[in-house]
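J.: PDB, C-alpha atoms, file data.pdb:
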ATOM      1  CA  MET A   1     110.919  89.689 103.741
ATOM      2  CA  ASP A   2     107.387  89.232 105.100
ATOM      3  CA  VAL A   3     105.032  91.641 103.326
ATOM      4  CA  PHE A   4     101.330  92.340 103.347
ATOM      5  CA  LEU A   5      99.526  94.061 100.501
ATOM      6  CA  LEU A   6      97.069  96.935 100.699
ATOM      7  CA  ARG A   7      94.740  97.873  97.861
ATOM      8  CA  PHE A   8      93.860 101.575  97.712
ATOM      9  CA  ASP A   9      90.698 101.768  95.615
ATOM     10  CA  ALA A  10      88.288 104.661  96.169
ATOM     11  CA  PRO A  11      86.218 107.185  94.192
ATOM     12  CA  LEU A  12      88.511 109.879  95.628
ATOM     13  CA  MET A  13      91.960 109.652  97.204
ATOM     14  CA  SER A  14      94.210 112.394  98.519
ATOM     15  CA  PHE A  15      97.948 111.768  98.791
ATOM     16  CA  GLY A  16      98.757 115.044 100.482
ATOM     17  CA  ALA A  17     101.741 117.205  99.536
ATOM     18  CA  PRO A  18     102.786 120.478 101.252
ATOM     19  CA  ILE A  19      99.905 122.976 101.411
ATOM     20  CA  VAL A  20     100.633 126.496 100.175
ATOM     21  CA  ASP A  21      98.180 129.123 101.501
ATOM     22  CA  ASN A  22      94.731 127.719 100.727
ATOM     23  CA  GLN A  23      95.871 125.322  97.976
ATOM     24  CA  GLY A  24      95.897 121.652  99.001
ATOM     25  CA  GLU A  25      98.300 119.928  96.613
ATOM     26  CA  ILE A  26      98.600 116.165  96.111
ATOM     27  CA  GLN A  27     101.379 113.855  94.943
ATOM     28  CA  PRO A  28     101.148 110.612  92.938
ATOM     29  CA  TYR A  29     102.007 108.217  95.811
ATOM     30  CA  PRO A  30     101.016 107.945  99.515
ATOM     31  CA  ALA A  31     103.305 109.802 101.932
ATOM     32  CA  LEU A  32     105.007 108.194 104.929
ATOM     33  CA  SER A  33     102.976 110.364 107.324
ATOM     34  CA  MET A  34      99.733 109.267 105.633
ATOM     35  CA  MET A  35     100.680 105.590 105.873
ATOM     36  CA  THR A  36     101.604 106.006 109.549
ATOM     37  CA  GLY A  37      98.328 107.780 110.294
ATOM     38  CA  LEU A  38      96.296 105.190 108.387
ATOM     39  CA  LEU A  39      97.835 102.213 110.191
ATOM     40  CA  GLY A  40      97.857 104.019 113.539
ATOM     41  CA  ASN A  41      94.157 104.741 113.081
ATOM     42  CA  ALA A  42      93.499 101.071 112.300
ATOM     43  CA  LEU A  43      95.306 100.123 115.524
ATOM     44  CA  GLY A  44      93.291 102.658 117.519
ATOM     45  CA  VAL A  45      96.304 104.809 118.463
ATOM     46  CA  ASP A  46      95.261 108.138 119.970
ATOM     47  CA  HIS A  47      96.598 111.449 118.600
ATOM     48  CA  SER A  48      98.220 112.131 121.965
ATOM     49  CA  GLU A  49     100.298 108.914 121.800
ATOM     50  CA  PHE A  50     103.194 110.625 120.016
ATOM     51  CA  ASP A  51     105.790 107.994 120.940
ATOM     52  CA  ARG A  52     103.746 105.134 119.470
ATOM     53  CA  LEU A  53     103.164 107.007 116.222
ATOM     54  CA  GLU A  54     106.813 108.064 115.969
ATOM     55  CA  ARG A  55     108.013 104.493 116.523
ATOM     56  CA  LEU A  56     105.556 103.055 113.993
ATOM     57  CA  GLN A  57     106.708 105.644 111.451
ATOM     58  CA  GLU A  58     110.365 104.811 112.157
ATOM     59  CA  ARG A  59     109.791 101.081 111.521
ATOM     60  CA  LEU A  60     107.429 101.378 108.564
ATOM     61  CA  ARG A  61     108.687 100.426 105.093
ATOM     62  CA  TYR A  62     106.413 100.434 102.063
ATOM     63  CA  ALA A  63     106.282 100.693  98.282
ATOM     64  CA  SER A  64     103.410 101.768  96.044
ATOM     65  CA  ARG A  65     102.405 100.751  92.511
ATOM     66  CA  GLN A  66      99.961 102.820  90.477
ATOM     67  CA  ASP A  67      97.649 100.209  88.930
ATOM     68  CA  ARG A  68      95.207 102.823  87.661
ATOM     69  CA  ARG A  69      96.238 106.450  87.363
ATOM     70  CA  GLY A  70      92.732 107.930  87.379
ATOM     71  CA  ARG A  71      92.576 111.690  86.954
ATOM     72  CA  GLN A  72      93.360 114.689  89.103
ATOM     73  CA  ILE A  73      90.465 116.963  90.046
ATOM     74  CA  GLU A  74      90.236 120.174  92.068
ATOM     75  CA  ASP A  75      87.524 120.829  94.642
ATOM     76  CA  PHE A  76      86.657 124.455  95.442
ATOM     77  CA  GLN A  77      85.471 124.822  99.033
ATOM     78  CA  THR A  78      83.925 127.886 100.668
ATOM     79  CA  VAL A  79      82.146 128.531 103.953
ATOM     80  CA  ASP A  80      80.877 131.630 105.725
ATOM     81  CA  ILE A  81      80.914 130.670 109.402
ATOM     82  CA  SER A  82      79.483 134.031 110.417
ATOM     83  CA  GLN A  83      76.050 132.721 109.416
ATOM     84  CA  PRO A  84      73.698 132.112 112.388
ATOM     85  CA  HIS A  85      73.293 128.409 111.675
ATOM     86  CA  MET A  86      77.080 127.985 111.903
ATOM     87  CA  ARG A  87      77.146 129.400 115.435
ATOM     88  CA  ALA A  88      76.071 126.431 117.448
ATOM     89  CA  TYR A  89      77.664 127.696 120.636
ATOM     90  CA  GLY A  90      77.566 131.389 121.508
ATOM     91  CA  ARG A  91      79.078 134.133 119.400
ATOM     92  CA  GLU A  92      81.884 132.163 117.776
ATOM     93  CA  SER A  93      81.598 128.997 115.730
ATOM     94  CA  ARG A  94      83.071 125.944 117.428
ATOM     95  CA  ALA A  95      83.669 122.463 116.122
ATOM     96  CA  TRP A  96      84.967 119.159 117.416
ATOM     97  CA  THR A  97      88.479 118.203 116.385
ATOM     98  CA  THR A  98      90.078 114.762 116.100
ATOM     99  CA  ASP A  99      91.698 115.443 119.495
ATOM    100  CA  GLY A 100      88.238 115.353 121.077
ATOM    101  CA  LYS A 101      88.368 119.039 121.987
ATOM    102  CA  LEU A 102      86.269 122.014 120.945
ATOM    103  CA  GLU A 103      87.985 124.405 118.569
ATOM    104  CA  ASN A 104      86.880 128.026 118.195
ATOM    105  CA  ARG A 105      86.669 129.191 114.592
ATOM    106  CA  THR A 106      86.258 132.755 113.395
ATOM    107  CA  ASN A 107      85.267 134.076 109.981
ATOM    108  CA  GLN A 108      88.750 135.480 109.398
ATOM    109  CA  ASN A 109      91.577 134.342 107.175
ATOM    110  CA  LYS A 110      95.306 134.409 107.942
ATOM    111  CA  LYS A 111      95.631 137.958 106.605
ATOM    112  CA  GLY A 112      93.030 139.227 109.048
ATOM    113  CA  ASP A 113      90.368 139.813 106.400
ATOM    114  CA  ARG A 114      86.804 138.802 107.175
ATOM    115  CA  GLY A 115      84.480 137.144 104.716
ATOM    116  CA  PRO A 116      83.873 133.651 103.312
ATOM    117  CA  LEU A 117      86.773 131.256 103.845
ATOM    118  CA  LEU A 118      88.000 129.863 100.531
ATOM    119  CA  ARG A 119      90.271 126.933  99.779
ATOM    120  CA  TYR A 120      91.115 124.479  97.013
ATOM    121  CA  ARG A 121      91.719 120.763  97.542
ATOM    122  CA  ASP A 122      93.017 118.340  94.899
ATOM    123  CA  TYR A 123      92.072 114.669  94.689
ATOM    124  CA  TRP A 124      92.819 111.601  92.593
ATOM    125  CA  ALA A 125      89.551 110.342  91.106
ATOM    126  CA  ASP A 126      89.044 106.680  90.119
ATOM    127  CA  ALA A 127      92.653 105.699  90.883
ATOM    128  CA  VAL A 128      93.931 102.373  92.247
ATOM    129  CA  HIS A 129      97.219 101.691  94.059
ATOM    130  CA  THR A 130      98.735  98.459  95.339
ATOM    131  CA  VAL A 131     100.923  99.068  98.400
ATOM    132  CA  ALA A 132     103.438  96.565  99.835
ATOM    133  CA  VAL A 133     104.112  97.030 103.577
ATOM    134  CA  THR A 134     106.684  95.587 105.968
ATOM    135  CA  LEU A 135     108.250  96.532 109.320
ATOM    136  CA  ASP A 136     111.869  96.859 110.444
ATOM    137  CA  PRO A 137     112.535  95.374 112.942
ATOM    138  CA  ALA A 138     109.864  92.764 112.339
ATOM    139  CA  ASP A 139     109.678  91.218 115.838
ATOM    140  CA  GLU A 140     108.740  94.365 117.726
ATOM    141  CA  SER A 141     105.147  95.199 118.690
ATOM    142  CA  PRO A 142     103.017  95.940 116.765
ATOM    143  CA  THR A 143     104.002  93.111 114.440
ATOM    144  CA  LEU A 144     102.995  92.724 110.817
ATOM    145  CA  ASP A 145     100.311  90.274 111.998
ATOM    146  CA  ASP A 146      98.964  92.984 114.317
ATOM    147  CA  LEU A 147      98.838  95.516 111.481
ATOM    148  CA  ALA A 148      97.151  93.097 109.073
ATOM    149  CA  ALA A 149      94.526  92.205 111.692
ATOM    150  CA  ALA A 150      93.935  95.884 112.456
ATOM    151  CA  VAL A 151      93.456  96.757 108.776
ATOM    152  CA  LYS A 152      90.984  93.878 108.418
ATOM    153  CA  HIS A 153      89.069  94.918 111.559
ATOM    154  CA  PRO A 154      90.046  98.552 112.219
ATOM    155  CA  ALA A 155      89.460 100.240 115.551
ATOM    156  CA  ARG A 156      88.083 103.283 113.698
ATOM    157  CA  PRO A 157      86.859 104.026 110.153
ATOM    158  CA  LEU A 158      89.734 104.312 107.662
ATOM    159  CA  PHE A 159      90.133 106.876 104.897
ATOM    160  CA  LEU A 160      92.712 107.427 102.165
ATOM    161  CA  GLY A 161      94.146 110.846 102.886
ATOM    162  CA  ARG A 162      91.294 113.197 103.771
ATOM    163  CA  LYS A 163      88.183 112.073 105.628
ATOM    164  CA  PRO A 164      85.850 112.135 102.575
ATOM    165  CA  CYS A 165      88.109 109.564 100.842
ATOM    166  CA  LEU A 166      86.446 106.328 101.921
ATOM    167  CA  PRO A 167      87.716 103.025 100.446
ATOM    168  CA  ALA A 168      85.493 101.239  97.948
ATOM    169  CA  ASP A 169      86.542  97.823  99.271
ATOM    170  CA  SER A 170      88.562  96.136 101.993
ATOM    171  CA  LEU A 171      92.120  97.489 102.117
ATOM    172  CA  LEU A 172      93.796  94.173 102.932
ATOM    173  CA  ALA A 173      94.765  92.444  99.680
ATOM    174  CA  GLY A 174      97.063  89.557 100.671
ATOM    175  CA  ARG A 175     100.316  88.365 102.222
ATOM    176  CA  MET A 176     103.565  87.205 100.619
ATOM    177  CA  GLU A 177     107.288  86.618 100.966
ATOM    178  CA  ALA A 178     109.490  88.785  98.751
ATOM    179  CA  ASP A 179     113.173  89.618  98.347
ATOM    180  CA  SER A 180     112.398  93.343  98.520
ATOM    181  CA  LEU A 181     109.484  95.764  98.448
ATOM    182  CA  SER A 182     109.983  96.430  94.744
ATOM    183  CA  ASP A 183     109.971  92.669  94.177
ATOM    184  CA  ALA A 184     106.637  92.511  96.016
ATOM    185  CA  LEU A 185     105.233  95.040  93.536
ATOM    186  CA  VAL A 186     106.437  92.846  90.681
ATOM    187  CA  GLN A 187     104.779  89.752  92.200
ATOM    188  CA  ALA A 188     101.515  91.383  93.358
ATOM    189  CA  PRO A 189      98.550  90.808  91.048
ATOM    190  CA  LEU A 190      97.125  93.788  89.207
ATOM    191  CA  HIS A 191      93.695  95.153  90.041
ATOM    192  CA  ASP A 192      90.851  94.178  87.706
ATOM    193  CA  ARG A 193      90.521  97.809  86.586
ATOM    194  CA  ALA A 194      94.255  98.367  86.059
ATOM    195  CA  ASP A 195      95.425 100.445  83.109
ATOM    196  CA  ASP A 196      96.883  98.613  80.132
ATOM    197  CA  GLY A 197     100.564  97.863  80.815
ATOM    198  CA  PRO A 198     103.023  96.440  80.605
ATOM    199  CA  LEU A 199     104.771  99.117  82.738
ATOM    200  CA  TYR A 200     103.326 100.787  85.832
ATOM    201  CA  SER A 201     104.637 103.744  87.825
ATOM    202  CA  ALA A 202     106.009 102.746  91.211
ATOM    203  CA  TRP A 203     107.805 104.211  94.228
ATOM    204  CA  TRP A 204     109.932 102.353  96.777
ATOM    205  CA  PRO A 205     112.409 103.334  99.528
ATOM    206  CA  THR A 206     116.160 103.568  98.980
ATOM    207  CA  HIS A 207     119.265 105.239 100.469
ATOM    208  CA  PRO A 208     121.405 108.140  99.211
ATOM    209  CA  ASP A 209     124.369 105.831  98.491
ATOM    210  CA  ALA A 210     122.347 102.789  97.369
ATOM    211  CA  ASP A 211     122.774 101.113  93.998
ATOM    212  CA  ASP A 212     119.306 100.439  92.568
ATOM    213  CA  PRO A 213     119.906  98.528  89.350
ATOM    214  CA  SER A 214     117.275  98.179  86.660
ATOM    215  CA  ASP A 215     116.325  94.734  85.351
ATOM    216  CA  ASP A 216     113.621  93.009  83.295
ATOM    217  CA  HIS A 217     110.930  93.736  85.891
ATOM    218  CA  ARG A 218     111.795  97.183  87.279
ATOM    219  CA  ASP A 219     113.389 100.360  86.030
ATOM    220  CA  VAL A 220     114.807 103.263  88.052
ATOM    221  CA  ASP A 221     113.880 106.602  86.507
ATOM    222  CA  LEU A 222     114.929 108.838  89.401
ATOM    223  CA  ARG A 223     116.230 108.653  92.971
ATOM    224  CA  GLU A 224     115.144 111.633  95.046
ATOM    225  CA  PRO A 225     114.837 112.898  98.642
ATOM    226  CA  VAL A 226     111.322 113.533  99.977
ATOM    227  CA  THR A 227     110.139 115.264 103.138
ATOM    228  CA  ASP A 228     107.125 113.274 104.316
ATOM    229  CA  ARG A 229     108.232 112.216 107.795
ATOM    230  CA  ARG A 230     105.984 113.766 110.456
ATOM    231  CA  ASP A 231     106.869 115.129 113.888
ATOM    232  CA  TRP A 232     103.671 113.868 115.519
ATOM    233  CA  LYS A 233     104.060 115.882 118.713
ATOM    234  CA  ASN A 234     104.509 119.250 116.997
ATOM    235  CA  GLN A 235     102.377 118.389 113.925
ATOM    236  CA  ILE A 236     104.974 119.405 111.342
ATOM    237  CA  HIS A 237     106.945 117.580 108.645
ATOM    238  CA  VAL A 238     110.663 117.184 109.279
ATOM    239  CA  GLY A 239     113.765 115.491 107.879
ATOM    240  CA  GLU A 240     113.965 113.583 104.638
ATOM    241  CA  ARG A 241     114.106 110.069 103.254
ATOM    242  CA  TRP A 242     115.073 108.780  99.804
ATOM    243  CA  ILE A 243     112.827 106.994  97.337
ATOM    244  CA  VAL A 244     113.075 105.522  93.859
ATOM    245  CA  ASN A 245     110.662 106.940  91.317
ATOM    246  CA  GLY A 246     110.469 104.240  88.668
ATOM    247  CA  THR A 247     108.377 101.621  86.874
ATOM    248  CA  VAL A 248     107.674  97.931  87.378
ATOM    249  CA  ARG A 249     106.541  95.200  85.014
ATOM    250  CA  PRO A 250     104.246  92.888  87.070
ATOM    251  CA  GLN A 251     104.596  89.177  86.438
ATOM    252  CA  THR A 252     100.832  88.596  86.609
TER     253      THR A 252
END
Transcribe the structure of this file into structure tokens.

T.:
Amino acid sequence: MDVFLLRFDAPLMSFGAPIVDNQGEIQPYPALSMMTGLLGNALGVDHSEFDRLERLQERLRYASRQDRRGRQIEDFQTVDISQPHMRAYGRESRAWTTDGKLENRTNQNKKGDRGPLLRYRDYWADAVHTVAVTLDPADESPTLDDLAAAVKHPARPLFLGRKPCLPADSLLAGRMEADSLSDALVQAPLHDRADDGPLYSAWWPTHPDADDPSDDHRDVDLREPVTDRRDWKNQIHVGERWIVNGTVRPQT
């Protein structure tokens, strides 16, 4: 298996989980939709190119190792867009979206109440992840070479979850051959600021009827279904895939 490695290292990272009301939850590993959006952004894929994003998501396979756990923090955000300086255009506040269109915004929440808009957003602070990425099938465009080149020289700025989460260093961390994605996590070198081991939390893809044995270098704690596949046309999460929630013992 041909694999390239990404190194997620940033002051803040946001691995988004389902949002409930105004509470933006996070999970301990990057979601499939986040990985698809990140790599699609590096390639310069437009939001309207649903088929390209769907196909990239269908082919994408990855595994993540938590080199440094960091700590979870909560950001309280509030804005009163009824203020005059927030009304750049006419009576209602309008802002540019990632689709390149103007969006009207009113000072009203989902319940119809007016007043400051409040929300909470969680982040991982001072965390580091090593992510092993491959494609199936491998010979279709974009290839793994295309993705690696795009990550090295992205078409647009890249961020790790939400837009404030800018990487502290280059994301591309190497290339290797491995028997599996979990094997790539075992072989991949640890970050200089990694937590003391020898075991590190890790997540890799599996199947409902797969046999994921434990050995000297990896241990399966739990196999579980997750819903992180995105319907890019309708902007909702659909379906499910299975992952292993376990630990790995890196060789280096």

J.: Quick check on the file I pasted: which residues fall under the PyMOL selection byres ((chain A and resi 167) around 9)? Write them as a PDB file with C-alpha atoms, in the frame of the given file.

T.:
ATOM      1  CA  PHE A   8      93.860 101.575  97.712  1.00  0.00           C
ATOM      2  CA  ASP A   9      90.698 101.768  95.615  1.00  0.00           C
ATOM      3  CA  ALA A  10      88.288 104.661  96.169  1.00  0.00           C
ATOM      4  CA  PRO A  11      86.218 107.185  94.192  1.00  0.00           C
ATOM      5  CA  LEU A  12      88.511 109.879  95.628  1.00  0.00           C
ATOM      6  CA  MET A  13      91.960 109.652  97.204  1.00  0.00           C
ATOM      7  CA  LEU A 158      89.734 104.312 107.662  1.00  0.00           C
ATOM      8  CA  PHE A 159      90.133 106.876 104.897  1.00  0.00           C
ATOM      9  CA  LEU A 160      92.712 107.427 102.165  1.00  0.00           C
ATOM     10  CA  CYS A 165      88.109 109.564 100.842  1.00  0.00           C
ATOM     11  CA  LEU A 166      86.446 106.328 101.921  1.00  0.00           C
ATOM     12  CA  ALA A 168      85.493 101.239  97.948  1.00  0.00           C
ATOM     13  CA  ASP A 169      86.542  97.823  99.271  1.00  0.00           C
ATOM     14  CA  SER A 170      88.562  96.136 101.993  1.00  0.00           C
ATOM     15  CA  LEU A 171      92.120  97.489 102.117  1.00  0.00           C
TER      16      LEU A 171
END

J.: Apply the PyMOL selection byres ((chain A and resi 118-130) around 8) to the structure shown and report the selected residues as a PyMOL selection string.

T.: chain A and resi 5-15+22-26+64-79+116-117+131-132+185+188+190-191+194

J.: Quick one: pull the distance between atom CA of A:Asp195 and atom CA of A:Asp228, Å, one decimal.

T.: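 Interatomic distance, atom CA of A:Asp195 to atom CA of A:Asp228: 27.4 Å.
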
J.: Between A:Gly40, A:Pro157, A:Pro28, A:Pro189, single out the one closest to A:Arg249, counting only C-alpha atoms.

T.: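 Closest to A:Arg249 of all the choices is A:Pro189.
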
J.: With distances taken over only C-alpha atoms, which residue among A:Arg175, A:Arg162, A:Arg229, A:Arg241 lies nearest A:Leu53?

T.: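 With only C-alpha atoms as the atom set, the closest residue is A:Arg229.
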
J.: Of the candidates A:Asn245, A:Asn234, A:Glu240, A:Ala150, which shows the shortest atom-to-atom distance to A:Ser48, using all atoms listed in the file?

T.: A:Asn234

J.: Any idea what the distance is between atom CA of A:Val3 and atom CA of A:Ala178?

T.: 7.0 Å

J.: What does the PyMOL selection byres ((chain A and resi 145) around 12) select in this file, as a list in words?

T.: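 With the shown file as input, the PyMOL selection byres ((chain A and resi 145) around 12) matches Asp2, Val3, Phe4, Leu43, Val133, Thr134, Leu135, Ala138, Asp139, Glu140, Ser141, Pro142, Thr143, Leu144, Asp146, Leu147, Ala148, Ala149, Ala150, Val151, Lys152, Leu172, Gly174 and Arg175 of chain A.
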
J.: For a test of reading the model, state the distance in Å between atom CA of A:Asp51 and atom CA of A:Thr227, rounded to one decimal.

T.: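 About the pair atom CA of A:Asp51 and atom CA of A:Thr227: they are 19.7 Å apart.
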
J.: Which neighbours of A:Asp209 fall inside 12 Å, counting only C-alpha atoms, when residues of the same chain fewer than 5 positions from it are skipped, and could you give them as number ranges by chain?

T.: A: 223-225, 242-243

J.: Using only C-alpha atoms, which protein or nucleic acid residues come within 9 Å of A:Leu32? Drop anything in the same chain fewer than 3 positions from it, and give the result as a short mmCIF file (atom, residue, chain, number, x, y, z; two decimals) with C-alpha atoms, in the coordinates of the input.

T.:
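Below you can see out_14.cif, which holds the result:
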data_model
loop_
_atom_site.label_atom_id
_atom_site.label_comp_id
_atom_site.auth_asym_id
_atom_site.auth_seq_id
_atom_site.Cartn_x
_atom_site.Cartn_y
_atom_site.Cartn_z
CA MET A 35 100.68 105.59 105.87
CA THR A 36 101.60 106.01 109.55
CA GLY A 37 98.33 107.78 110.29
CA GLN A 57 106.71 105.64 111.45
CA LEU A 60 107.43 101.38 108.56
CA ARG A 61 108.69 100.43 105.09
CA TYR A 62 106.41 100.43 102.06
CA THR A 227 110.14 115.26 103.14
CA ASP A 228 107.12 113.27 104.32
CA ARG A 229 108.23 112.22 107.80
CA ARG A 230 105.98 113.77 110.46
#

J.: A:Pro205, A:Gly246, A:Pro137, A:Gly44: which is nearest A:Ala63, counting only C-alpha atoms?

T.: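 That would be A:Pro205, the residue with the smallest distance to A:Ala63.
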
J.: Between A:His237, A:Pro164, A:Gln27, A:His153, single out the one closest to A:Leu39, counting all atoms listed in the file.

T.: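 Once distances to A:Leu39 are computed over all atoms listed in the file, the minimum belongs to A:His153.
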
J.: Name the closest residue to A:His47 among the candidates A:Lys233, A:Ala184, A:Thr252, A:Thr247; distances are taken between atoms, counting only C-alpha atoms.

T.: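 Ranking A:Lys233, A:Ala184, A:Thr252, A:Thr247 by distance to A:His47, first place goes to A:Lys233.
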